[in-house]
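Just below is one structure, and these are the notes that go with it.
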Amino acid sequence: MQSKKNHRINEIPWDKYMVYIIFMIVFVLFAIFLGGQGFLNSNNLMNILRQTAMISVMAVAATFVMAAGQIDLTVGAVSAMTAMFVSLILASVNSIVLALLSGLGFGCMVGLVNGLMVTKLGLPAFLATMGMMQVVRGGAMWITDTAAVPIDNVLFNTMFGIGNVGGISVLILWTILFYVVGIILFNKTSFGRHTLATGGNEMAAKYSGVNTAKVKIIAFVMSGGFAAFAGIMYAARMQAGRYSYGEGDEMSVIAAVVLGGTSMSGGTGSVVGALFGSILMGMINNALILAGLSSAQQTIVKGLIILFAVAISNVAQKMKKN
Amino acid sequence: MSGYILEMKGIKKSFAVPVLKGVDFPLKQGEVHALVGGNGAGKSTLMKIMTGVYAKDAGDIYVNDAKVEINSTHDAKDNGIAMIFQELSLVSTMTVAENIFLGEEITKAGMRQTAYMNQKASEVLQKLEINVKPQTKVGALSVGMSQMIEIAKAVAKEARILVLDEPTASLSDSETKQLFRMIRDLQAKGVSMVYISHRMNEILEIADSITILRDGGVVHTGETKNMELDDIILHMLGGGESDKKFDWKERAYDKDGKDILKVSNLKVNEKIKDISFSLKKGEILGFAGLMGSGRTEILETLFGIRKKLGGTVRLNGADIEIKSTRQAVKAGLALVPEDRRKQGLVLIHSLKENAILPKVRQMVKSKFLVDEKAANAMVKGNVESLSIVTDSIDKRINLLSGGNQQKVVIAKWLNMKPEIIMLDEPTAGVDIGAKAEIIDLMRMFAEEKKGVLFVSSELTELMAVCDRIIVLYDGKITGEIERKELKAEEDLQYAIQKKS
């Protein structure tokens, strides 16, 4: 009897649910200890979602990239460059359509270059995107010589940053839209399976007739495009383009995706998990501020929590194997 | 009409040196055609050309008498050709059904029809009598089961020609039987199969015809009906010495001497929990048993890879606790592991780097610099004494043939001058010539009054070299046989099938 019971417990994929368990525990702890400081205030909770919107959106595509066994470090830089493009175009011709097209087009193009470097030149994704990150970030600084570019287009700012629909921030609505698309694409289409197969066993995928190079390229293009959209959200929310947007976001995105149960080596992944990973980090951030920690202390605690969470899900994964 | 479903004519291929020198390979509809040859004879290359992994330099391929160009795995698939790989090509993180339909998902308006695919997969599995749920993750299945899923995958894709590369290498006997049933079944449905194996008995049992390659050319092709083991070996070795080396020679050693190793009540896990045996100086002790009988686990525990949960291990009369592989090596143990490519070698390193790996700490001059001269001399000595075939000791190990790779693994441990060497399936995927050499190495080692633990699924090998054989079943020792008392392989075969 005993062993049967153990068996059943072992069958539960703990690593998959870990993010939700940690999320609940952290939420309850914060609610108890920081309830007095207004943590549970609906404004505060909305604020958490609003602040994490960009990371959340980028994490959708990053889940595909990492499930395919790749990594994309350019996302933060792409969001900054896109914000610069968008603000400059709005300042000169004031066309939202043109601004969006060029911004998203730029992001997709960076993704395409990343994808080609990885698949055609055979560069490791880490190095290819690390170099690309520097190039793009440098470009964002160079284009206006580090000066910020204000955006006066109220419609643009409202649509993508500061507006509300029925009391809910457009940032949250956009996030939801991206997740719906991402979840369907990942869980329901053959592309989702091909992505997992590419990361899980590339040879097997190839011999099954999956064009793994194409899968990787599409994942990188998505990542670039989604990062560009995050840049549009940054620009609209701050009503300006700045080269410094999204600094360090690539790391936050990776942390969110890994917390969400996607393996760094590919083959497993969860888009919903990435959302929870992203919000979890936003929540911790918010709570640390409420608790009155200095930004130096916040950084340390954030780092420790990421290590702790990843270690736990790693242990859970090992438990499953035994 | 030639009557062939597939015909390869005059296939040539070179990688710097010619590997295939104009090979003809005909395959009849509904036959099982064995492809045999030593390592490096060109079997894999020929099959990789047939399945579109490599491009041929010259020659033609006909499918149903029509000339076809096969330039990619995709082209091969379009011609109904599928390869079942030696190294499994399933995605372990995905389910059985997802694997079966990988690359050919059934979608409706872009959405995967999960329920429908699961049902379809279930039908295919049922038809092939594979008892597994389509929703099971492949990572949770045994090797044997995964192999059958792989065949199911090819069948689901309507493959008419299957290439099976060493399909039984990691299967137990009952799994092998199930596989053979499946092969017969597929054959009855008109599927043609190319069967690559080093196991001659299997070939004689399952194959209708046979093609034997040697040095990139065909040396024999015909029906298996009138063939015997000796004929095959003769063709493979080219009329040189036959497999006399597989014959048992009684060896002299002190049967009443001291135990070099004594294991009492060793507990590895809940299944393998009461293992006791001893090993004398100069003795070769074999472990026989089916897949999953616990042979590998016992060796791994002795070597400190797995945690010992109970029992005692005495080495030369003194209790020792081995908690890490480092301690095991220091205590004078060596393990030639089951999976040469994953556990035995650093594939991207050179022969030399691999051969000196455990030894390198001791090979220093001026306190911390590696003594390259001494290392080179030692490795050159290894190459010579083990007759490893390579053009240089700096050659990357993955460019060597399987047999030569295995000899490097053995060399790296011999350099440590161990007291006890444990070998886990050392002859898997190795040609007959190299097998005989590995068996001789074991004998040589034992002659030096050292101890050998030898795990193998090839009963002929156990019969050839062991002084004593311990039989395991499901984690329990079910028998201990003196080699002298064994009359025939059938007796041993019978012993490993028994539950108690």
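In the structure tokens, the first chain shown is A, the next is B, and so on; residue numbers restart at 1 for each chain, and ligands run from 1 in the order shown.
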Going by DSSP on the backbone, which residues of stretch 299-431 of chain B come out as strand (DSSP E or B)? List them as an MDAnalysis selection string. chainID B and resid 310:315 318:320 333:336 350 364:365 369:370 396 420:424
Selected residues written out with C-alpha atoms, as a PDB file, in the first residue's frame:
ATOM      1  CA  GLY B 310      23.352  -1.145   3.335  1.00  0.00           C
ATOM      2  CA  GLY B 311      25.733  -4.079   3.548  1.00  0.00           C
ATOM      3  CA  THR B 312      29.490  -4.270   3.624  1.00  0.00           C
ATOM      4  CA  VAL B 313      32.216  -4.313   1.034  1.00  0.00           C
ATOM      5  CA  ARG B 314      35.581  -5.819   1.970  1.00  0.00           C
ATOM      6  CA  LEU B 315      38.594  -5.254  -0.197  1.00  0.00           C
ATOM      7  CA  ALA B 318      39.454  -4.792   5.053  1.00  0.00           C
ATOM      8  CA  ASP B 319      36.089  -3.040   5.193  1.00  0.00           C
ATOM      9  CA  ILE B 320      35.865  -0.034   2.938  1.00  0.00           C
ATOM     10  CA  LEU B 333      38.669  -0.273  -8.667  1.00  0.00           C
ATOM     11  CA  ALA B 334      37.976   0.473 -12.308  1.00  0.00           C
ATOM     12  CA  LEU B 335      34.698   0.491 -14.217  1.00  0.00           C
ATOM     13  CA  VAL B 336      34.299   0.206 -17.962  1.00  0.00           C
ATOM     14  CA  SER B 350      41.634  13.176 -28.358  1.00  0.00           C
ATOM     15  CA  VAL B 364      53.164  15.771 -13.164  1.00  0.00           C
ATOM     16  CA  LYS B 365      56.600  17.249 -13.231  1.00  0.00           C
ATOM     17  CA  LEU B 369      52.747  20.755 -15.037  1.00  0.00           C
ATOM     18  CA  VAL B 370      51.528  17.688 -16.895  1.00  0.00           C
ATOM     19  CA  ARG B 396      39.604  12.820 -31.818  1.00  0.00           C
ATOM     20  CA  ILE B 420      39.710  -5.091  -9.773  1.00  0.00           C
ATOM     21  CA  ILE B 421      38.295  -4.186 -13.152  1.00  0.00           C
ATOM     22  CA  MET B 422      34.554  -4.186 -13.716  1.00  0.00           C
ATOM     23  CA  LEU B 423      33.284  -4.330 -17.274  1.00  0.00           C
ATOM     24  CA  ASP B 424      29.655  -3.598 -18.109  1.00  0.00           C
TER      25      ASP B 424
END
Show me which bits of chain A are within 12 Å of chain B, counting only C-alpha atoms, as a ChimeraX atom specification. /A:3,10-11,13,67,183-212,215,262-263,265-269,320-322
Residue selection dump (C-alpha atoms) as a CSV table (one decimal), in the first residue's frame:
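Below is the file part17.csv, written as the result:
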chain,number,residue,atom,x,y,z
A,3,SER,CA,4.7,2.1,-2.1
A,10,ASN,CA,6.0,10.7,-7.5
A,11,GLU,CA,3.8,10.9,-10.5
A,13,PRO,CA,5.1,16.7,-11.9
A,67,ALA,CA,11.8,25.5,-25.0
A,183,ILE,CA,-0.8,29.8,-24.9
A,184,ILE,CA,-2.8,28.7,-28.0
A,185,LEU,CA,0.3,28.7,-30.2
A,186,PHE,CA,2.3,26.7,-27.6
A,187,ASN,CA,-0.3,24.2,-26.5
A,188,LYS,CA,-2.6,23.8,-29.4
A,189,THR,CA,-0.6,24.1,-32.6
A,190,SER,CA,1.9,21.8,-34.2
A,191,PHE,CA,4.5,24.6,-34.1
A,192,GLY,CA,4.3,24.4,-30.3
A,193,ARG,CA,5.1,20.6,-30.4
A,194,HIS,CA,7.9,21.2,-32.9
A,195,THR,CA,9.4,23.8,-30.7
A,196,LEU,CA,9.5,21.4,-27.7
A,197,ALA,CA,10.8,18.6,-29.9
A,198,THR,CA,13.6,20.8,-31.2
A,199,GLY,CA,14.7,21.6,-27.7
A,200,GLY,CA,14.0,18.1,-26.4
A,201,ASN,CA,15.9,16.1,-29.0
A,202,GLU,CA,16.9,18.0,-32.1
A,203,MET,CA,18.0,14.9,-34.0
A,204,ALA,CA,14.7,13.1,-33.3
A,205,ALA,CA,12.8,16.2,-34.5
A,206,LYS,CA,14.9,16.5,-37.6
A,207,TYR,CA,14.5,12.8,-38.5
A,208,SER,CA,10.8,13.2,-37.9
A,209,GLY,CA,10.7,15.8,-40.7
A,210,VAL,CA,10.6,18.9,-38.5
A,211,ASN,CA,12.5,21.8,-39.9
A,212,THR,CA,14.4,22.6,-36.7
A,215,VAL,CA,11.5,26.5,-35.7
A,262,THR,CA,10.7,25.9,-18.6
A,263,SER,CA,14.0,24.0,-18.7
A,265,SER,CA,18.2,23.1,-21.8
A,266,GLY,CA,14.9,23.0,-23.7
A,267,GLY,CA,12.3,20.3,-24.2
A,268,THR,CA,9.9,21.4,-21.6
A,269,GLY,CA,8.0,24.7,-21.1
A,320,LYS,CA,10.6,13.0,-10.2
A,321,LYS,CA,13.5,11.2,-11.8
A,322,ASN,CA,14.2,8.9,-8.9
Hey, what's within 12 Å of B:Met378 if we count only C-alpha atoms and toss same-chain stuff fewer than 4 positions away? As a PyMOL selection string, please? chain B and resi 351-353+355-356+359-360+363+371-374+382-385+393+411-412+414-416
Write the residues you've just listed into a file as a PDB file, in the first residue's frame, and include N, CA and C atoms for each of them.
ATOM      1  N   LEU B 351      42.254  10.868 -28.359  1.00  0.00           N
ATOM      2  CA  LEU B 351      42.535   9.562 -27.789  1.00  0.00           C
ATOM      3  C   LEU B 351      43.413   9.718 -26.553  1.00  0.00           C
ATOM      4  N   LYS B 352      44.460  10.531 -26.680  1.00  0.00           N
ATOM      5  CA  LYS B 352      45.414  10.690 -25.589  1.00  0.00           C
ATOM      6  C   LYS B 352      44.744  11.299 -24.358  1.00  0.00           C
ATOM      7  N   GLU B 353      43.992  12.393 -24.567  1.00  0.00           N
ATOM      8  CA  GLU B 353      43.331  13.046 -23.438  1.00  0.00           C
ATOM      9  C   GLU B 353      42.450  12.055 -22.688  1.00  0.00           C
ATOM     10  N   ALA B 355      42.767   8.727 -22.653  1.00  0.00           N
ATOM     11  CA  ALA B 355      43.516   7.634 -22.043  1.00  0.00           C
ATOM     12  C   ALA B 355      44.219   8.060 -20.764  1.00  0.00           C
ATOM     13  N   ILE B 356      44.546   9.343 -20.642  1.00  0.00           N
ATOM     14  CA  ILE B 356      45.289   9.763 -19.445  1.00  0.00           C
ATOM     15  C   ILE B 356      44.385  10.387 -18.388  1.00  0.00           C
ATOM     16  N   LYS B 359      44.575   9.277 -14.827  1.00  0.00           N
ATOM     17  CA  LYS B 359      45.969   9.170 -14.411  1.00  0.00           C
ATOM     18  C   LYS B 359      46.639  10.539 -14.291  1.00  0.00           C
ATOM     19  N   VAL B 360      46.045  11.539 -14.898  1.00  0.00           N
ATOM     20  CA  VAL B 360      46.766  12.786 -15.161  1.00  0.00           C
ATOM     21  C   VAL B 360      47.253  13.477 -13.888  1.00  0.00           C
ATOM     22  N   MET B 363      50.637  12.330 -13.163  1.00  0.00           N
ATOM     23  CA  MET B 363      51.672  12.494 -14.191  1.00  0.00           C
ATOM     24  C   MET B 363      52.143  13.931 -14.243  1.00  0.00           C
ATOM     25  N   ASP B 371      53.270  16.091 -17.342  1.00  0.00           N
ATOM     26  CA  ASP B 371      54.462  15.587 -18.022  1.00  0.00           C
ATOM     27  C   ASP B 371      54.056  14.990 -19.368  1.00  0.00           C
ATOM     28  N   GLU B 372      54.068  15.834 -20.401  1.00  0.00           N
ATOM     29  CA  GLU B 372      53.546  15.415 -21.701  1.00  0.00           C
ATOM     30  C   GLU B 372      54.347  14.254 -22.295  1.00  0.00           C
ATOM     31  N   LYS B 373      55.640  14.272 -22.040  1.00  0.00           N
ATOM     32  CA  LYS B 373      56.490  13.233 -22.614  1.00  0.00           C
ATOM     33  C   LYS B 373      56.089  11.865 -22.069  1.00  0.00           C
ATOM     34  N   ALA B 374      55.949  11.818 -20.731  1.00  0.00           N
ATOM     35  CA  ALA B 374      55.570  10.561 -20.092  1.00  0.00           C
ATOM     36  C   ALA B 374      54.170  10.147 -20.562  1.00  0.00           C
ATOM     37  N   ASN B 382      49.953   2.076 -24.815  1.00  0.00           N
ATOM     38  CA  ASN B 382      48.585   1.539 -24.836  1.00  0.00           C
ATOM     39  C   ASN B 382      48.168   1.150 -26.245  1.00  0.00           C
ATOM     40  N   VAL B 383      48.413   2.083 -27.187  1.00  0.00           N
ATOM     41  CA  VAL B 383      47.995   1.868 -28.567  1.00  0.00           C
ATOM     42  C   VAL B 383      48.619   0.593 -29.102  1.00  0.00           C
ATOM     43  N   GLU B 384      49.882   0.404 -28.728  1.00  0.00           N
ATOM     44  CA  GLU B 384      50.588  -0.757 -29.219  1.00  0.00           C
ATOM     45  C   GLU B 384      50.108  -2.042 -28.546  1.00  0.00           C
ATOM     46  N   SER B 385      50.037  -2.014 -27.215  1.00  0.00           N
ATOM     47  CA  SER B 385      49.732  -3.260 -26.515  1.00  0.00           C
ATOM     48  C   SER B 385      48.281  -3.681 -26.713  1.00  0.00           C
ATOM     49  N   ILE B 393      47.841   9.518 -31.775  1.00  0.00           N
ATOM     50  CA  ILE B 393      47.219   9.512 -30.450  1.00  0.00           C
ATOM     51  C   ILE B 393      46.473  10.816 -30.213  1.00  0.00           C
ATOM     52  N   ALA B 411      42.045   0.925 -21.802  1.00  0.00           N
ATOM     53  CA  ALA B 411      43.418   1.398 -21.617  1.00  0.00           C
ATOM     54  C   ALA B 411      43.493   2.414 -20.494  1.00  0.00           C
ATOM     55  N   LYS B 412      42.519   3.306 -20.449  1.00  0.00           N
ATOM     56  CA  LYS B 412      42.601   4.369 -19.454  1.00  0.00           C
ATOM     57  C   LYS B 412      42.567   3.790 -18.051  1.00  0.00           C
ATOM     58  N   LEU B 414      43.531   0.501 -17.354  1.00  0.00           N
ATOM     59  CA  LEU B 414      44.733  -0.318 -17.166  1.00  0.00           C
ATOM     60  C   LEU B 414      45.901   0.551 -16.709  1.00  0.00           C
ATOM     61  N   ASN B 415      45.924   1.790 -17.203  1.00  0.00           N
ATOM     62  CA  ASN B 415      46.982   2.707 -16.803  1.00  0.00           C
ATOM     63  C   ASN B 415      46.972   2.976 -15.304  1.00  0.00           C
ATOM     64  N   MET B 416      45.818   2.828 -14.690  1.00  0.00           N
ATOM     65  CA  MET B 416      45.711   3.068 -13.248  1.00  0.00           C
ATOM     66  C   MET B 416      46.164   1.853 -12.450  1.00  0.00           C
TER      67      MET B 416
END
Which residues come within 8 Å of stretch 112-121 of chain A, counting only C-alpha atoms, excluding same-chain residues fewer than 4 positions away, as a ChimeraX atom specification? /A:108,125,128-129,132,213,216-221,224
Using only C-alpha atoms, determine which residues lie at most 9 Å from A:Tyr20, disregarding the query and same-chain residues fewer than 6 positions distant; provide the list as a list in words.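 Near neighbours after the sequence-gap exclusion: Gly260, Gly273, Phe276 and Gly277 of chain A.
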Take the residues that were just selected and, keeping C-alpha atoms, output them as a short mmCIF file (atom, residue, chain, number, x, y, z; two decimals), in the first residue's frame.
data_model
loop_
_atom_site.label_atom_id
_atom_site.label_comp_id
_atom_site.auth_asym_id
_atom_site.auth_seq_id
_atom_site.Cartn_x
_atom_site.Cartn_y
_atom_site.Cartn_z
CA GLY A 260 7.67 29.11 -14.77
CA GLY A 273 4.10 29.36 -15.93
CA PHE A 276 3.29 33.50 -13.02
CA GLY A 277 7.07 33.66 -12.90
#
What does the structure give for the distance between atom CA of A:Phe106 and atom CA of A:Thr175, in Å to one decimal?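 Between atom CA of A:Phe106 and atom CA of A:Thr175 the gap works out to 20.5 Å.
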From the list A:Leu88, A:Leu34, A:Trp142, A:Val26, which residue is nearest A:Gly292 when using only C-alpha atoms?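 Smallest separation from A:Gly292 among the options: A:Leu34.
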